[in-house]
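Listing of protein_26.pdb, PDB, C-alpha atoms, pLDDT in the B column
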```
ATOM      1  CA  GLU A  11      52.656 119.552 190.123  1.00 63.00           C
ATOM      2  CA  ALA A  12      49.528 119.165 188.003  1.00 81.00           C
ATOM      3  CA  GLY A  13      49.993 117.402 184.686  1.00 94.00           C
ATOM      4  CA  VAL A  14      48.676 118.244 181.234  1.00 97.00           C
ATOM      5  CA  ALA A  15      44.884 118.312 181.347  1.00 97.00           C
ATOM      6  CA  GLN A  16      42.789 117.273 178.354  1.00 97.00           C
ATOM      7  CA  SER A  17      39.071 116.950 177.776  1.00 97.00           C
ATOM      8  CA  PRO A  18      36.935 115.226 176.807  1.00 97.00           C
ATOM      9  CA  ARG A  19      38.384 111.776 177.303  1.00 96.00           C
ATOM     10  CA  TYR A  20      36.145 110.174 174.685  1.00 97.00           C
ATOM     11  CA  LYS A  21      34.013 111.579 171.896  1.00 98.00           C
ATOM     12  CA  ILE A  22      31.783 109.852 169.374  1.00 98.00           C
ATOM     13  CA  ILE A  23      30.369 111.893 166.502  1.00 98.00           C
ATOM     14  CA  GLU A  24      28.958 111.332 163.057  1.00 97.00           C
ATOM     15  CA  LYS A  25      30.828 112.354 159.951  1.00 96.00           C
ATOM     16  CA  ARG A  26      30.345 115.958 158.916  1.00 97.00           C
ATOM     17  CA  GLN A  27      29.756 117.008 162.541  1.00 98.00           C
ATOM     18  CA  SER A  28      32.103 119.332 164.422  1.00 98.00           C
ATOM     19  CA  VAL A  29      34.168 118.556 167.497  1.00 98.00           C
ATOM     20  CA  ALA A  30      36.512 120.474 169.785  1.00 98.00           C
ATOM     21  CA  PHE A  31      39.211 119.312 172.168  1.00 98.00           C
ATOM     22  CA  TRP A  32      40.674 121.313 175.034  1.00 98.00           C
ATOM     23  CA  CYS A  33      44.135 121.215 176.573  1.00 97.00           C
ATOM     24  CA  ASN A  34      45.665 122.968 179.576  1.00 97.00           C
ATOM     25  CA  PRO A  35      49.451 122.499 179.720  1.00 97.00           C
ATOM     26  CA  ILE A  36      51.652 122.378 182.784  1.00 96.00           C
ATOM     27  CA  SER A  37      51.923 125.828 184.334  1.00 94.00           C
ATOM     28  CA  GLY A  38      54.842 127.769 182.909  1.00 93.00           C
ATOM     29  CA  HIS A  39      55.301 125.587 179.846  1.00 95.00           C
ATOM     30  CA  ALA A  40      55.637 127.876 176.855  1.00 95.00           C
ATOM     31  CA  THR A  41      55.512 125.155 174.216  1.00 95.00           C
ATOM     32  CA  LEU A  42      52.333 123.230 173.457  1.00 97.00           C
ATOM     33  CA  TYR A  43      51.846 120.461 170.900  1.00 97.00           C
ATOM     34  CA  TRP A  44      48.851 118.658 169.407  1.00 98.00           C
ATOM     35  CA  TYR A  45      49.451 115.162 168.042  1.00 98.00           C
ATOM     36  CA  GLN A  46      47.166 112.786 166.144  1.00 98.00           C
ATOM     37  CA  GLN A  47      47.686 109.062 166.699  1.00 97.00           C
ATOM     38  CA  ILE A  48      45.850 106.784 164.299  1.00 97.00           C
ATOM     39  CA  LEU A  49      45.616 103.142 165.355  1.00 94.00           C
ATOM     40  CA  GLY A  50      48.743 101.247 164.368  1.00 92.00           C
ATOM     41  CA  GLN A  51      50.766 104.388 163.686  1.00 94.00           C
ATOM     42  CA  GLY A  52      52.987 106.646 165.735  1.00 95.00           C
ATOM     43  CA  PRO A  53      51.770 110.044 166.910  1.00 97.00           C
ATOM     44  CA  LYS A  54      51.951 112.694 164.189  1.00 96.00           C
ATOM     45  CA  LEU A  55      52.482 116.366 165.009  1.00 96.00           C
ATOM     46  CA  LEU A  56      49.551 118.533 163.942  1.00 98.00           C
ATOM     47  CA  ILE A  57      50.605 121.868 165.388  1.00 97.00           C
ATOM     48  CA  GLN A  58      53.172 123.365 167.743  1.00 96.00           C
ATOM     49  CA  PHE A  59      52.708 126.625 169.645  1.00 96.00           C
ATOM     50  CA  GLN A  60      55.348 128.723 171.352  1.00 94.00           C
ATOM     51  CA  ASN A  61      53.357 130.869 173.770  1.00 92.00           C
ATOM     52  CA  ASN A  62      50.477 132.041 171.562  1.00 88.00           C
ATOM     53  CA  GLY A  63      52.356 131.865 168.260  1.00 94.00           C
ATOM     54  CA  VAL A  64      52.351 128.961 165.794  1.00 95.00           C
ATOM     55  CA  VAL A  65      55.789 127.398 165.248  1.00 94.00           C
ATOM     56  CA  ASP A  66      54.833 124.478 162.986  1.00 94.00           C
ATOM     57  CA  ASP A  67      51.467 123.627 161.460  1.00 96.00           C
ATOM     58  CA  SER A  68      52.790 122.011 158.291  1.00 95.00           C
ATOM     59  CA  GLN A  69      50.875 118.771 158.879  1.00 95.00           C
ATOM     60  CA  LEU A  70      47.598 120.330 160.004  1.00 97.00           C
ATOM     61  CA  PRO A  71      44.801 119.772 157.432  1.00 96.00           C
ATOM     62  CA  LYS A  72      43.798 123.391 157.425  1.00 96.00           C
ATOM     63  CA  ASP A  73      40.665 122.895 155.371  1.00 96.00           C
ATOM     64  CA  ARG A  74      39.015 121.199 158.357  1.00 98.00           C
ATOM     65  CA  PHE A  75      41.304 121.496 161.379  1.00 98.00           C
ATOM     66  CA  SER A  76      41.979 124.649 163.365  1.00 98.00           C
ATOM     67  CA  ALA A  77      43.764 125.332 166.629  1.00 98.00           C
ATOM     68  CA  GLU A  78      44.299 128.322 168.833  1.00 96.00           C
ATOM     69  CA  ARG A  79      46.151 129.284 171.983  1.00 95.00           C
ATOM     70  CA  LEU A  80      44.935 132.825 172.394  1.00 83.00           C
ATOM     71  CA  LYS A  81      46.430 133.734 175.768  1.00 88.00           C
ATOM     72  CA  GLY A  82      49.442 131.477 175.509  1.00 86.00           C
ATOM     73  CA  VAL A  83      48.084 129.065 178.110  1.00 93.00           C
ATOM     74  CA  ASP A  84      45.301 126.624 177.245  1.00 95.00           C
ATOM     75  CA  SER A  85      44.519 125.548 173.710  1.00 97.00           C
ATOM     76  CA  THR A  86      41.602 124.279 171.641  1.00 98.00           C
ATOM     77  CA  LEU A  87      41.783 122.010 168.595  1.00 98.00           C
ATOM     78  CA  LYS A  88      38.704 121.897 166.365  1.00 98.00           C
ATOM     79  CA  ILE A  89      37.649 119.665 163.496  1.00 98.00           C
ATOM     80  CA  GLN A  90      34.900 120.909 161.201  1.00 97.00           C
ATOM     81  CA  PRO A  91      33.551 118.910 159.429  1.00 97.00           C
ATOM     82  CA  ALA A  92      34.854 115.559 160.658  1.00 97.00           C
ATOM     83  CA  LYS A  93      35.638 112.679 158.324  1.00 97.00           C
ATOM     84  CA  LEU A  94      35.836 108.962 159.045  1.00 97.00           C
ATOM     85  CA  GLU A  95      39.634 109.065 158.738  1.00 97.00           C
ATOM     86  CA  ASP A  96      39.818 111.554 161.635  1.00 98.00           C
ATOM     87  CA  SER A  97      39.111 108.722 164.064  1.00 98.00           C
ATOM     88  CA  ALA A  98      42.191 108.730 166.269  1.00 98.00           C
ATOM     89  CA  VAL A  99      43.597 109.633 169.658  1.00 98.00           C
ATOM     90  CA  TYR A 100      44.381 113.342 169.932  1.00 98.00           C
ATOM     91  CA  LEU A 101      47.222 113.996 172.335  1.00 98.00           C
ATOM     92  CA  CYS A 102      48.260 117.309 173.804  1.00 98.00           C
ATOM     93  CA  ALA A 103      51.787 117.753 175.141  1.00 97.00           C
ATOM     94  CA  SER A 104      53.813 120.576 176.626  1.00 97.00           C
ATOM     95  CA  SER A 105      57.351 121.464 177.610  1.00 95.00           C
ATOM     96  CA  PHE A 106      59.072 124.471 179.107  1.00 93.00           C
ATOM     97  CA  ARG A 107      61.130 125.574 176.118  1.00 88.00           C
ATOM     98  CA  GLY A 108      60.519 122.780 173.613  1.00 89.00           C
ATOM     99  CA  THR A 109      62.138 119.583 172.381  1.00 88.00           C
ATOM    100  CA  GLY A 110      64.542 121.659 170.308  1.00 86.00           C
ATOM    101  CA  SER A 111      66.179 122.596 173.602  1.00 85.00           C
ATOM    102  CA  GLY A 112      66.710 118.962 174.537  1.00 86.00           C
ATOM    103  CA  GLU A 113      63.624 118.693 176.737  1.00 92.00           C
ATOM    104  CA  LYS A 114      61.195 115.821 177.012  1.00 95.00           C
ATOM    105  CA  LEU A 115      57.461 116.138 176.439  1.00 96.00           C
ATOM    106  CA  PHE A 116      54.773 115.895 179.090  1.00 97.00           C
ATOM    107  CA  PHE A 117      51.597 114.405 177.625  1.00 98.00           C
ATOM    108  CA  GLY A 118      47.951 114.550 178.550  1.00 97.00           C
ATOM    109  CA  SER A 119      45.868 111.398 178.601  1.00 96.00           C
ATOM    110  CA  GLY A 120      44.427 112.111 175.159  1.00 97.00           C
ATOM    111  CA  THR A 121      40.985 112.251 173.581  1.00 97.00           C
ATOM    112  CA  GLN A 122      39.754 109.129 171.789  1.00 97.00           C
ATOM    113  CA  LEU A 123      37.669 110.323 168.830  1.00 98.00           C
ATOM    114  CA  SER A 124      35.417 107.963 166.902  1.00 98.00           C
ATOM    115  CA  VAL A 125      33.783 109.287 163.731  1.00 98.00           C
ATOM    116  CA  LEU A 126      30.868 107.134 162.559  1.00 97.00           C
TER     117      LEU A 126
ATOM    118  CA  ILE B  13      60.296 111.792 154.346  1.00 54.00           C
ATOM    119  CA  LEU B  14      61.858 110.585 157.565  1.00 68.00           C
ATOM    120  CA  ASN B  15      61.086 107.047 158.645  1.00 88.00           C
ATOM    121  CA  VAL B  16      61.440 105.820 162.169  1.00 96.00           C
ATOM    122  CA  GLU B  17      60.910 102.089 162.400  1.00 96.00           C
ATOM    123  CA  GLN B  18      60.379 100.049 165.538  1.00 98.00           C
ATOM    124  CA  SER B  19      60.583  96.298 165.877  1.00 97.00           C
ATOM    125  CA  PRO B  20      58.985  94.097 166.808  1.00 97.00           C
ATOM    126  CA  GLN B  21      55.461  95.543 166.505  1.00 96.00           C
ATOM    127  CA  SER B  22      54.317  93.438 169.439  1.00 97.00           C
ATOM    128  CA  LEU B  23      55.886  91.175 171.982  1.00 96.00           C
ATOM    129  CA  HIS B  24      54.453  88.729 174.490  1.00 97.00           C
ATOM    130  CA  VAL B  25      56.728  87.592 177.298  1.00 97.00           C
ATOM    131  CA  GLN B  26      56.430  85.840 180.635  1.00 97.00           C
ATOM    132  CA  GLU B  27      57.032  87.593 183.929  1.00 97.00           C
ATOM    133  CA  GLY B  28      60.731  87.510 184.704  1.00 97.00           C
ATOM    134  CA  ASP B  29      61.872  87.376 181.080  1.00 97.00           C
ATOM    135  CA  SER B  30      64.264  90.023 179.832  1.00 96.00           C
ATOM    136  CA  THR B  31      63.435  91.646 176.527  1.00 96.00           C
ATOM    137  CA  ASN B  32      64.602  94.278 174.101  1.00 95.00           C
ATOM    138  CA  PHE B  33      63.222  96.359 171.253  1.00 95.00           C
ATOM    139  CA  THR B  34      64.824  98.248 168.400  1.00 98.00           C
ATOM    140  CA  CYS B  35      64.293 101.742 167.055  1.00 98.00           C
ATOM    141  CA  SER B  36      65.850 102.560 163.668  1.00 97.00           C
ATOM    142  CA  PHE B  37      66.187 106.116 162.399  1.00 96.00           C
ATOM    143  CA  PRO B  38      68.080 108.072 159.733  1.00 93.00           C
ATOM    144  CA  SER B  39      71.753 108.311 160.663  1.00 89.00           C
ATOM    145  CA  SER B  40      72.358 111.700 159.088  1.00 89.00           C
ATOM    146  CA  ASN B  41      72.011 115.028 160.903  1.00 90.00           C
ATOM    147  CA  PHE B  42      71.066 113.490 164.250  1.00 92.00           C
ATOM    148  CA  TYR B  43      69.910 115.741 167.097  1.00 93.00           C
ATOM    149  CA  ALA B  44      68.162 113.568 169.707  1.00 95.00           C
ATOM    150  CA  LEU B  45      66.186 110.397 170.334  1.00 96.00           C
ATOM    151  CA  HIS B  46      63.330 110.066 172.829  1.00 97.00           C
ATOM    152  CA  TRP B  47      61.782 106.954 174.371  1.00 98.00           C
ATOM    153  CA  TYR B  48      58.249 107.045 175.832  1.00 98.00           C
ATOM    154  CA  ARG B  49      56.131 104.461 177.601  1.00 98.00           C
ATOM    155  CA  TRP B  50      52.362 104.542 177.031  1.00 97.00           C
ATOM    156  CA  GLU B  51      50.237 102.418 179.308  1.00 96.00           C
ATOM    157  CA  THR B  52      46.614 101.819 178.334  1.00 92.00           C
ATOM    158  CA  ALA B  53      44.268 104.569 179.556  1.00 91.00           C
ATOM    159  CA  LYS B  54      47.211 106.683 180.776  1.00 95.00           C
ATOM    160  CA  SER B  55      49.403 109.467 179.400  1.00 96.00           C
ATOM    161  CA  PRO B  56      52.585 108.677 177.488  1.00 97.00           C
ATOM    162  CA  GLU B  57      55.507 109.113 179.876  1.00 97.00           C
ATOM    163  CA  ALA B  58      59.057 110.013 178.931  1.00 97.00           C
ATOM    164  CA  LEU B  59      61.694 107.389 179.715  1.00 98.00           C
ATOM    165  CA  PHE B  60      64.837 108.792 178.146  1.00 97.00           C
ATOM    166  CA  VAL B  61      66.150 111.655 176.036  1.00 96.00           C
ATOM    167  CA  MET B  62      69.389 110.621 174.342  1.00 96.00           C
ATOM    168  CA  THR B  63      71.679 112.925 172.441  1.00 94.00           C
ATOM    169  CA  LEU B  64      75.202 111.495 172.231  1.00 92.00           C
ATOM    170  CA  ASN B  65      76.507 108.544 170.217  1.00 93.00           C
ATOM    171  CA  GLY B  66      77.268 105.729 172.625  1.00 93.00           C
ATOM    172  CA  ASP B  67      74.853 107.093 175.253  1.00 94.00           C
ATOM    173  CA  GLU B  68      73.566 104.551 177.730  1.00 97.00           C
ATOM    174  CA  LYS B  69      70.731 105.491 180.069  1.00 97.00           C
ATOM    175  CA  LYS B  70      69.113 103.504 182.863  1.00 97.00           C
ATOM    176  CA  LYS B  71      65.927 103.868 184.899  1.00 95.00           C
ATOM    177  CA  GLY B  72      65.337 100.988 187.266  1.00 96.00           C
ATOM    178  CA  ARG B  73      65.084  97.801 185.206  1.00 97.00           C
ATOM    179  CA  ILE B  74      64.884  99.693 181.923  1.00 98.00           C
ATOM    180  CA  SER B  75      67.926 100.815 179.985  1.00 98.00           C
ATOM    181  CA  ALA B  76      68.639 102.181 176.519  1.00 98.00           C
ATOM    182  CA  THR B  77      71.601 102.498 174.218  1.00 98.00           C
ATOM    183  CA  LEU B  78      72.175 104.767 171.249  1.00 98.00           C
ATOM    184  CA  ASN B  79      74.202 104.389 168.056  1.00 97.00           C
ATOM    185  CA  THR B  80      73.822 107.539 165.967  1.00 96.00           C
ATOM    186  CA  LYS B  81      76.360 106.494 163.320  1.00 95.00           C
ATOM    187  CA  GLU B  82      74.360 103.435 162.290  1.00 95.00           C
ATOM    188  CA  GLY B  83      70.966 104.866 163.249  1.00 96.00           C
ATOM    189  CA  TYR B  84      69.567 102.632 165.953  1.00 97.00           C
ATOM    190  CA  SER B  85      68.653 102.552 169.623  1.00 98.00           C
ATOM    191  CA  TYR B  86      67.887  99.559 171.806  1.00 98.00           C
ATOM    192  CA  LEU B  87      65.561  99.537 174.796  1.00 98.00           C
ATOM    193  CA  TYR B  88      66.116  96.735 177.315  1.00 98.00           C
ATOM    194  CA  ILE B  89      63.841  95.584 180.108  1.00 98.00           C
ATOM    195  CA  LYS B  90      65.410  93.257 182.653  1.00 98.00           C
ATOM    196  CA  GLY B  91      63.117  90.852 184.495  1.00 97.00           C
ATOM    197  CA  SER B  92      59.839  92.019 182.926  1.00 97.00           C
ATOM    198  CA  GLN B  93      56.881  92.558 185.243  1.00 97.00           C
ATOM    199  CA  PRO B  94      53.166  92.760 184.364  1.00 97.00           C
ATOM    200  CA  GLU B  95      53.268  96.491 185.108  1.00 96.00           C
ATOM    201  CA  ASP B  96      55.767  96.888 182.231  1.00 97.00           C
ATOM    202  CA  SER B  97      52.951  96.048 179.813  1.00 98.00           C
ATOM    203  CA  ALA B  98      52.618  99.116 177.588  1.00 98.00           C
ATOM    204  CA  THR B  99      53.405 100.503 174.176  1.00 97.00           C
ATOM    205  CA  TYR B 100      56.971 101.786 173.910  1.00 98.00           C
ATOM    206  CA  LEU B 101      57.450 104.644 171.462  1.00 98.00           C
ATOM    207  CA  CYS B 102      60.675 106.070 170.149  1.00 98.00           C
ATOM    208  CA  ALA B 103      60.902 109.457 168.472  1.00 97.00           C
ATOM    209  CA  PHE B 104      63.730 110.964 166.436  1.00 94.00           C
ATOM    210  CA  ILE B 105      64.703 114.615 166.093  1.00 93.00           C
ATOM    211  CA  ARG B 106      66.779 115.726 163.137  1.00 90.00           C
ATOM    212  CA  GLY B 107      69.034 118.730 163.469  1.00 85.00           C
ATOM    213  CA  ASN B 108      67.777 122.040 162.098  1.00 76.00           C
ATOM    214  CA  GLN B 109      64.161 120.892 162.222  1.00 76.00           C
ATOM    215  CA  GLY B 110      63.114 122.956 165.203  1.00 77.00           C
ATOM    216  CA  GLY B 111      63.005 119.972 167.536  1.00 85.00           C
ATOM    217  CA  LYS B 112      60.189 118.231 165.658  1.00 90.00           C
ATOM    218  CA  LEU B 113      59.672 114.676 166.932  1.00 94.00           C
ATOM    219  CA  ILE B 114      59.108 111.933 164.360  1.00 95.00           C
ATOM    220  CA  PHE B 115      57.595 108.940 166.130  1.00 97.00           C
ATOM    221  CA  GLY B 116      57.886 105.278 165.299  1.00 97.00           C
ATOM    222  CA  GLN B 117      54.755 103.141 165.345  1.00 97.00           C
ATOM    223  CA  GLY B 118      55.622 101.653 168.721  1.00 97.00           C
ATOM    224  CA  THR B 119      56.286  98.229 170.205  1.00 98.00           C
ATOM    225  CA  GLU B 120      53.411  96.797 172.214  1.00 97.00           C
ATOM    226  CA  LEU B 121      54.689  94.725 175.129  1.00 98.00           C
ATOM    227  CA  SER B 122      52.493  92.306 177.048  1.00 98.00           C
ATOM    228  CA  VAL B 123      53.925  90.643 180.161  1.00 97.00           C
ATOM    229  CA  LYS B 124      51.984  87.680 181.475  1.00 96.00           C
ATOM    230  CA  PRO B 125      52.193  86.680 185.143  1.00 94.00           C
TER     231      PRO B 125
END
```
In C-alpha cells, how does this file's structure come out?
Amino acid sequence: EAGVAQSPRYKIIEKRQSVAFWCNPISGHATLYWYQQILGQGPKLLIQFQNNGVVDDSQLPKDRFSAERLKGVDSTLKIQPAKLEDSAVYLCASSFRGTGSGEKLFFGSGTQLSVL
Amino acid sequence: ILNVEQSPQSLHVQEGDSTNFTCSFPSSNFYALHWYRWETAKSPEALFVMTLNGDEKKKGRISATLNTKEGYSYLYIKGSQPEDSATYLCAFIRGNQGGKLIFGQGTELSVKP
C-alpha cells in the first residue's frame, strides 16, 4: 500500500515570498492533517480535514496560511507571504476515520521549509 | 493550555544498552496516548496507541507502559541498536477534543556502535 505522499521535500524561499506544499493521503483515508514542526518543538496541528470539510483550523494563522482539500483526496497548504518564523518541517498525515476513533496517524516524509 | 513534556531531551547510549524515556501529560480527562518514532529523513512511524490505565504494549525490543491516573508513560528499548537512533515523540489526546493530538517535544536517541 502506498504511503502518504508529500512534495516538495525541501524548499528555500525569501521572506515575503509565497510557497505551497502538496499532500496525497493513503487511498481511502477520510481524515487529513497538516502539522508544523519547528526545530526543538513537537509537531503542532495546523488544520484537520474530514473528507473536504475543515474539522479544526484553530491554530492556523489565517492571515497568511491557507489550506484546501477540494475533492476530499489530496490537499495543498499555502503560505503567503512567508515570514522567517515559518521555517519548519511541514508534515502531512492521514487516517481512515481519525485519531478520535482510536486510530494512529500515517505521516508523509515532510517538507523542510527555510525562509531566508 | 495542555503541556506534554518528554524527558530527557536527548540521550546517547552504547549499542546493547537498555534505555527508557518518559512522557508526562495532564491526568484529567484522558482519552489516548500515542508514541511515534521519527528517523532522520524518514516519515514519523506509529509505535503504539494506548488507551487504558495500566496498558503495556510491546513491539520487538520496544515496549511502553501507561499510567493515566498520574499522567505518565514510559517507553523502554531493550538492547539498543544503531538503527534505534531516532526522535521518539509522544502525543496526548484529551477526551471531548475531537481526537486532537498534542505532541511533546520529543526525545532524541543516538545509539553508538
As an MDAnalysis selection string, could you give me every residue of chain A near chain B (at most 6 Å apart, counting only C-alpha atoms)?
chainID A and resid 51:53 109:110 117:119
Convert the output of the PyMOL selection byres ((chain A and resi 81-96) around 6) on the shown file into explicit residues, formatted as a PyMOL selection string.
chain A and resi 25-34+61-62+74-80+97-98+125
For segment 40-49 of chain A, find every residue with an atom within 6 Å (counting all atoms listed in the file), except residues of its own chain fewer than 3 positions away, and show them as a ChimeraX atom specification.
/A:52-61,98-108
Give me the result of the PyMOL selection byres ((chain B and resi 93) around 10) on this file, residue by residue, as a PyMOL selection string.
chain B and resi 25-30+73+89-92+94-97+122-125
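Computed from the coordinates, the atom CA of Phe33 of chain B to atom CA of Gln122 of chain A distance equals 26.7 Å.
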So which residues get picked by the PyMOL selection byres ((chain B and resi 88) around 6) here, written as a PyMOL selection string?
chain B and resi 31-32+74-75+87+89
Can you patch up segment 53-64 of chain A, filling it in to N, CA, C and O atoms, and show the result as a PDB file, keeping the file's coordinate frame?
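Ended up saving to part-v9.pdb:
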```pdb
ATOM      1  N   PRO A  53      52.355 108.700 166.868  1.00 97.00           N
ATOM      2  CA  PRO A  53      51.770 110.044 166.910  1.00 97.00           C
ATOM      3  C   PRO A  53      52.379 110.944 165.845  1.00 97.00           C
ATOM      4  O   PRO A  53      53.581 110.910 165.602  1.00 97.00           O
ATOM      5  N   LYS A  54      51.517 111.757 165.222  1.00 96.00           N
ATOM      6  CA  LYS A  54      51.951 112.694 164.189  1.00 96.00           C
ATOM      7  C   LYS A  54      51.661 114.107 164.664  1.00 96.00           C
ATOM      8  O   LYS A  54      50.545 114.405 165.104  1.00 96.00           O
ATOM      9  N   LEU A  55      52.670 114.983 164.583  1.00 96.00           N
ATOM     10  CA  LEU A  55      52.482 116.366 165.009  1.00 96.00           C
ATOM     11  C   LEU A  55      51.501 117.082 164.091  1.00 96.00           C
ATOM     12  O   LEU A  55      51.668 117.105 162.878  1.00 96.00           O
ATOM     13  N   LEU A  56      50.482 117.689 164.700  1.00 98.00           N
ATOM     14  CA  LEU A  56      49.551 118.533 163.942  1.00 98.00           C
ATOM     15  C   LEU A  56      49.964 119.990 164.019  1.00 98.00           C
ATOM     16  O   LEU A  56      50.004 120.692 163.009  1.00 98.00           O
ATOM     17  N   ILE A  57      50.266 120.460 165.225  1.00 97.00           N
ATOM     18  CA  ILE A  57      50.605 121.868 165.388  1.00 97.00           C
ATOM     19  C   ILE A  57      51.420 122.045 166.658  1.00 97.00           C
ATOM     20  O   ILE A  57      51.223 121.331 167.640  1.00 97.00           O
ATOM     21  N   GLN A  58      52.358 122.995 166.594  1.00 96.00           N
ATOM     22  CA  GLN A  58      53.172 123.365 167.743  1.00 96.00           C
ATOM     23  C   GLN A  58      53.040 124.857 167.978  1.00 96.00           C
ATOM     24  O   GLN A  58      53.167 125.660 167.046  1.00 96.00           O
ATOM     25  N   PHE A  59      52.778 125.229 169.235  1.00 96.00           N
ATOM     26  CA  PHE A  59      52.708 126.625 169.645  1.00 96.00           C
ATOM     27  C   PHE A  59      53.907 126.954 170.537  1.00 96.00           C
ATOM     28  O   PHE A  59      54.337 126.143 171.348  1.00 96.00           O
ATOM     29  N   GLN A  60      54.406 128.158 170.391  1.00 94.00           N
ATOM     30  CA  GLN A  60      55.348 128.723 171.352  1.00 94.00           C
ATOM     31  C   GLN A  60      54.637 129.951 171.899  1.00 94.00           C
ATOM     32  O   GLN A  60      54.435 130.928 171.183  1.00 94.00           O
ATOM     33  N   ASN A  61      54.257 129.868 173.189  1.00 92.00           N
ATOM     34  CA  ASN A  61      53.357 130.869 173.770  1.00 92.00           C
ATOM     35  C   ASN A  61      52.087 130.912 172.909  1.00 92.00           C
ATOM     36  O   ASN A  61      51.468 129.884 172.711  1.00 92.00           O
ATOM     37  N   ASN A  62      51.705 132.038 172.355  1.00 88.00           N
ATOM     38  CA  ASN A  62      50.477 132.041 171.562  1.00 88.00           C
ATOM     39  C   ASN A  62      50.747 132.088 170.060  1.00 88.00           C
ATOM     40  O   ASN A  62      49.826 132.287 169.267  1.00 88.00           O
ATOM     41  N   GLY A  63      52.005 131.870 169.671  1.00 94.00           N
ATOM     42  CA  GLY A  63      52.356 131.865 168.260  1.00 94.00           C
ATOM     43  C   GLY A  63      52.539 130.463 167.723  1.00 94.00           C
ATOM     44  O   GLY A  63      52.988 129.569 168.435  1.00 94.00           O
ATOM     45  N   VAL A  64      52.199 130.261 166.453  1.00 95.00           N
ATOM     46  CA  VAL A  64      52.351 128.961 165.794  1.00 95.00           C
ATOM     47  C   VAL A  64      53.787 128.801 165.293  1.00 95.00           C
ATOM     48  O   VAL A  64      54.293 129.651 164.566  1.00 95.00           O
TER      49      VAL A  64
END
```
